[in-house]
Structure formats: C-alpha cells, structure tokens
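Trainee: First the structure, which I've put down as structure tokens, then a few questions once you've had a look.
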Amino acid sequence: MSTPASAAGHRPRTRRIGPYTVITRLDDKHTAPGAVVPEHRFIARGPDGDRTVLLSTPLPAVDARRFMAEAEASRYLLGPWSSPATELAPSGDRPWYARPYVPALPLPTALAVHGGPLPERTVRALGVALAETLAVLHGQQLSHAGLCPAAVLLTADGPRLTCYGAVRAAAPEGAPRHDAPGLDAGSLPPEQAAGGRPRPLGDVYALGATLAYAATGYTAPERDELPPPLRSLVPRCLARDPSRRPQLAEVVEELTSRGTPSPTGREPATRAESLLGPGWLPARTVAALAHQSAAVLSAETEPLAPGTAVPRHHH
C-alpha cells in the first residue's frame with residue numbers, strides 16, 4: 001500500500017512539532033541520495049486536521065537563533081516564486097517555521113523521478129522564474145544566500161525558492177563555511193565559502209550551479225555536457241570573480257525564447273509565465289506530484305486530545 005513516504009520521503013515516527021503532527025519528510029534520501037539539504041523539512045498537519053503545511057526545523061549543528069532570524073526575515077520576501085514563512089515557533093519553543101503546503105518535489109528528487117537531467121524547456125523555465133524572483137529580492141536590498149538544488153521545489157504551476165538565508169544561518173559572517181552544516185559545496189559562492197558577506201552576485205553563482213544541476217545532474221559539469229542555451233551562461237555565472245558574473249536581466253534574456261507564446265493567449269505578466277504553461281514539467285514529475293498530493297490527503301494523523309494547549313503562532 002502506498003504512503004506519503006513513497007512520494008515525499010520515508011515516514012518518520014509519528015510526532016509533533018509545535019502544534020503540527022508530522023505526516024512525512026519532504027526530502028527523500030532514497031530517491032535523491034547525496035542531496036545536501038540546509039534544513040529538515042516535513043509535511044505536517046494542523047491540530048484541526050484541515051490545514052497542511054510545509055514545516056522546517058534546523059539541522060542539529062545550526063545555531064537555532066540564526067535559523068529563526070532568517071525565518072523571521074523571510075516573512076517579508078516578495079517575488080512570484082519565493083516561499084516565505086507564514087508561521088514561526090513561539091519564543092522559547094523548539095525552533096520551527098511553516099508555510100502553506102502545496103504538492104512539491106525538491107529538485108534532486110525530481111531528477112531521480114524523471115530518471116536523469118530535466119528537459120531543456122523545464123530548465124529554461126526554472127532559470128527564468130528563479131532569476132526573476134532573485135531580482136525582486138535584490139530590489140528589496142536582500143540576498144537570498146541559500147539557493148542550491150535542494151532549495152528549489154517544483155510544483156505544478158512553477159518553482160518555489162526555499163531555504164532563505166541558509167548560508168547566514170550555517171555560520172556567522174567572517175567564519176569559513178567550507179564545511180558548514182547543510183551547505184552544498186557545489187552551489188556555495190567561493191567568497192561566501194571563505195566567510196564573506198552574502199551579496200546579490202553570490203546568488204547568481206548559486207543560480208548557475210542550480211541550473212547546471214537541473215540540466216546535467218552536476219553543479220559543475222563540463223561545458224559540452226550543458227544544453228546549448230546554458231553553455232555560455234552557466235560558466236559566466238560560476239566565475240570565481242563576482243564582477244565577471246552576469247546580471248539577472250542578462251540571465252532572463254538568454255533563457256527566454258523570443259516569441260514564446262503565452263499559454264493563456266494573453267500577454268504574460270513576466271517572462272517566466274510564458275514558459276510555465278502546461279507541459280513545463282515532464283510527465284513522471286507531474287505523476288509524482290499527483291501521487292504525493294493524494295497520499296498526503298489520505299494520510300491519517302491523530303488529532304490533539306480535547307483540552308490540549310496549542311502554542312500560539314507568530315503572525
């Protein structure tokens with residue numbers, strides 16, 4: 001019999017985090033071995049039984065105060081594909097934060113389900129959506145500082161960018177981050193690995209590594225392994241000198257085909273919208289999302305006993 005774990009990860013012991021009952025892990029180490037995830041992520045259900053969330057807790061070696069500070073800051077993120085926290089653990093409680101659940105596969109799991117690198121159309125759409133989202137964040141005078149393959153979730157209508165501030169949470173500014181917990185070395189900009197302050201061009205480096213991963217299964221492939229639209233772009237994103245990396249507007253321009261028709265027949269609001277219509281995800285990924293959704297919907301959780309105190313949420 002199938003369970004949520006078969007689509008979203010192995011099922012942990014039944015337990016509660018804050019007011020939520022865990023249904024399953026989001027990240028499946030069986031289908032995406034070796035994937036580096038900056039935080040523990042769970043699909044969980046609220047005490048009333050009719051609300052499902054994606055819930056995150058820090059890795060054991062991560063400072064809980066820095067983790068919660070980044071979660072708090074993420075509440076104010078704008079951008080069409082960002083995934084801000086909507087609830088935070090009360091002060092003094094075990095650290096966690098949550099946002100509404102939508103059926104989603106982490107990028108490493110999506111490659112495993114698909115059986116290899118994603119189609120060129122999917123990679124182009126992903127790159128444009130992430131670049132547009134990062135541009136909005138940079139317009140807020142923020143750096144994401146957490147982009148890596150596992151930070152990207154694929155959903156039916158587009159990606160979701162998670163793990164905001166993972167680099168800052170893993171180690172304070174000035175401290176080397178080469179071996180910091182939860183950081184994917186292949187996506188970590190060299191200046192941040194050395195302890196430098198995360199800046200917008202570091203996000204461009206991480207974007208290049210993430211797109212390379214989506215297209216080849218590696219964050220630093222050989223140039224000829226990349227599909228043609230990425231062969232110039234990715235190496236420039238991965239330049240060790242930040243000043244040699246492209247601006248996000250250049251990334252969008254290179255990945256967007258001129259004259260790409262809008263799936264709705266109207267002028268798209270963003271470049272990404274023109275690429276995220278039906279068929280943007282391969283069939284096996286769509287099937288896995290549907291399976292996860294059905295499994296989570298049918299999962300049984302034990303309701304809280306009458307009179308049980310539920311921690312208040314921060315809004």
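We label chains A, B, ... in the order they appear in the structure tokens, count residues from 1 in each chain, and number ligands from 1 in the order shown.
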If we count only C-alpha atoms and set the cut-off at 10 Å, which residues sit around A:Glu120, ignoring sequence neighbours fewer than 3 positions away in its own chain? Please answer as a PyMOL selection string.
Mentor: chain A and resi 117+123-126+214-215+226-230+280
Trainee: Could you pull out all residues of stretch 83-205 of chain A with a DSSP call of helix (DSSP H, G or I) and give them as a ChimeraX atom specification?
Mentor: /A:107-114,120-139,149-151,166-170,185-187,190-193,200-205
Trainee: When you look at A:Arg271 with a cut-off of 9 Å (counting only C-alpha atoms), what residues show up, excluding the ones that are within fewer than 5 positions of it in the same chain? I need them as a list in words.
Mentor: Ala125, Val128, Ala129, Glu132, Val252, Glu253 and Thr256 of chain A
Trainee: May I have the residues within 8 Å of A:Leu188 as a list of chain:residue names, using only C-alpha atoms and disregarding those fewer than 3 positions away in the same chain?
Mentor: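 My list of contacting residues is A:Cys148, A:Leu183, A:Asp184, A:Ala185, A:Gln192, A:Ala193, A:Gly202, A:Tyr205, A:Ala206.
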Trainee: Those same residues - N, CA, C and O atoms - I'd like them written as a tab-separated table (two decimals), in the first residue's frame.
Mentor:
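Written file, part_13.tsv:
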chain	number	residue	atom	x	y	z
A	148	CYS	N	20.31	26.50	-3.76
A	148	CYS	CA	21.05	25.29	-4.12
A	148	CYS	C	20.01	24.34	-4.70
A	148	CYS	O	18.81	24.64	-4.64
A	183	LEU	N	25.28	23.05	3.82
A	183	LEU	CA	25.61	23.86	2.65
A	183	LEU	C	26.17	22.97	1.55
A	183	LEU	O	27.09	22.19	1.78
A	184	ASP	N	25.62	23.11	0.36
A	184	ASP	CA	26.06	22.34	-0.80
A	184	ASP	C	27.30	23.02	-1.37
A	184	ASP	O	27.22	24.13	-1.90
A	185	ALA	N	28.44	22.37	-1.26
A	185	ALA	CA	29.71	22.98	-1.68
A	185	ALA	C	29.67	23.40	-3.14
A	185	ALA	O	30.27	24.42	-3.52
A	192	GLN	N	31.65	33.42	-0.33
A	192	GLN	CA	30.87	33.08	0.87
A	192	GLN	C	31.49	31.89	1.59
A	192	GLN	O	31.44	31.82	2.82
A	193	ALA	N	32.06	30.96	0.85
A	193	ALA	CA	32.75	29.83	1.48
A	193	ALA	C	33.90	30.32	2.35
A	193	ALA	O	34.20	29.74	3.40
A	202	GLY	N	26.48	36.63	-5.41
A	202	GLY	CA	26.60	35.26	-4.90
A	202	GLY	C	25.38	34.43	-5.26
A	202	GLY	O	25.50	33.23	-5.55
A	205	TYR	N	25.84	33.13	-8.75
A	205	TYR	CA	26.68	31.93	-8.76
A	205	TYR	C	25.84	30.70	-8.42
A	205	TYR	O	25.90	29.67	-9.11
A	206	ALA	N	25.08	30.78	-7.34
A	206	ALA	CA	24.25	29.64	-6.91
A	206	ALA	C	23.20	29.30	-7.96
A	206	ALA	O	22.86	28.13	-8.15
Trainee: Could you jot down the atom CA of A:Trp96 to atom CA of A:Ala35 separation for me, Å, one decimal place?
Mentor: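 That distance, rounded to one decimal, is 21.4 Å.
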Trainee: Counting only C-alpha atoms, which residue out of A:Pro200, A:Pro33, A:Gly18, A:Pro58 sits closest to A:Gln140?
Mentor: A:Pro200
Trainee: What is the distance between atom CA of A:Thr133 and atom CA of A:Arg236, in Å to one decimal?
Mentor: 19.6 Å
Trainee: Within 10 Å of A:Tyr76, counting only C-alpha atoms, which residues show up once you throw out same-chain ones fewer than 5 positions away? Write them as a PyMOL selection string, please.
Mentor: chain A and resi 71+84-86+137+140
Trainee: Using the selection just defined, write its residues with N, CA, C and O atoms as a short mmCIF file (atom, residue, chain, number, x, y, z; two decimals), in the first residue's frame.
Mentor:
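Result written to out-v4.cif:
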data_model
loop_
_atom_site.label_atom_id
_atom_site.label_comp_id
_atom_site.auth_asym_id
_atom_site.auth_seq_id
_atom_site.Cartn_x
_atom_site.Cartn_y
_atom_site.Cartn_z
N ALA A 71 14.35 32.86 9.26
CA ALA A 71 12.94 32.53 9.03
C ALA A 71 12.07 33.76 9.23
O ALA A 71 11.15 34.03 8.44
N PRO A 84 7.95 32.41 1.48
CA PRO A 84 8.20 32.98 2.80
C PRO A 84 7.54 32.20 3.93
O PRO A 84 6.54 31.51 3.73
N ALA A 85 8.13 32.30 5.10
CA ALA A 85 7.50 31.71 6.28
C ALA A 85 6.22 32.46 6.60
O ALA A 85 6.14 33.68 6.44
N THR A 86 5.20 31.74 7.02
CA THR A 86 3.95 32.38 7.44
C THR A 86 3.65 32.16 8.92
O THR A 86 2.82 32.85 9.49
N LEU A 137 13.99 40.06 -4.92
CA LEU A 137 14.67 40.07 -3.62
C LEU A 137 15.79 41.11 -3.61
O LEU A 137 15.94 41.86 -2.64
N GLN A 140 14.71 44.42 -3.02
CA GLN A 140 14.42 44.68 -1.59
C GLN A 140 15.69 44.88 -0.78
O GLN A 140 15.62 44.94 0.45
#
Trainee: Would you mind telling me which residue in A:Ala209, A:Leu154, A:Val204, A:Leu233 lies nearest to A:Val286 when using only C-alpha atoms?
Mentor: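 Smallest distance to A:Val286 is found for A:Leu154.
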Trainee: From a DSSP calculation on the backbone, collect every residue of stretch 50-286 of chain A in strand (DSSP E) and output the set as a VMD selection string.
Mentor: chain A and resid 52 to 58 87 to 88 97 to 100 105 to 106 152 to 155 158 to 161
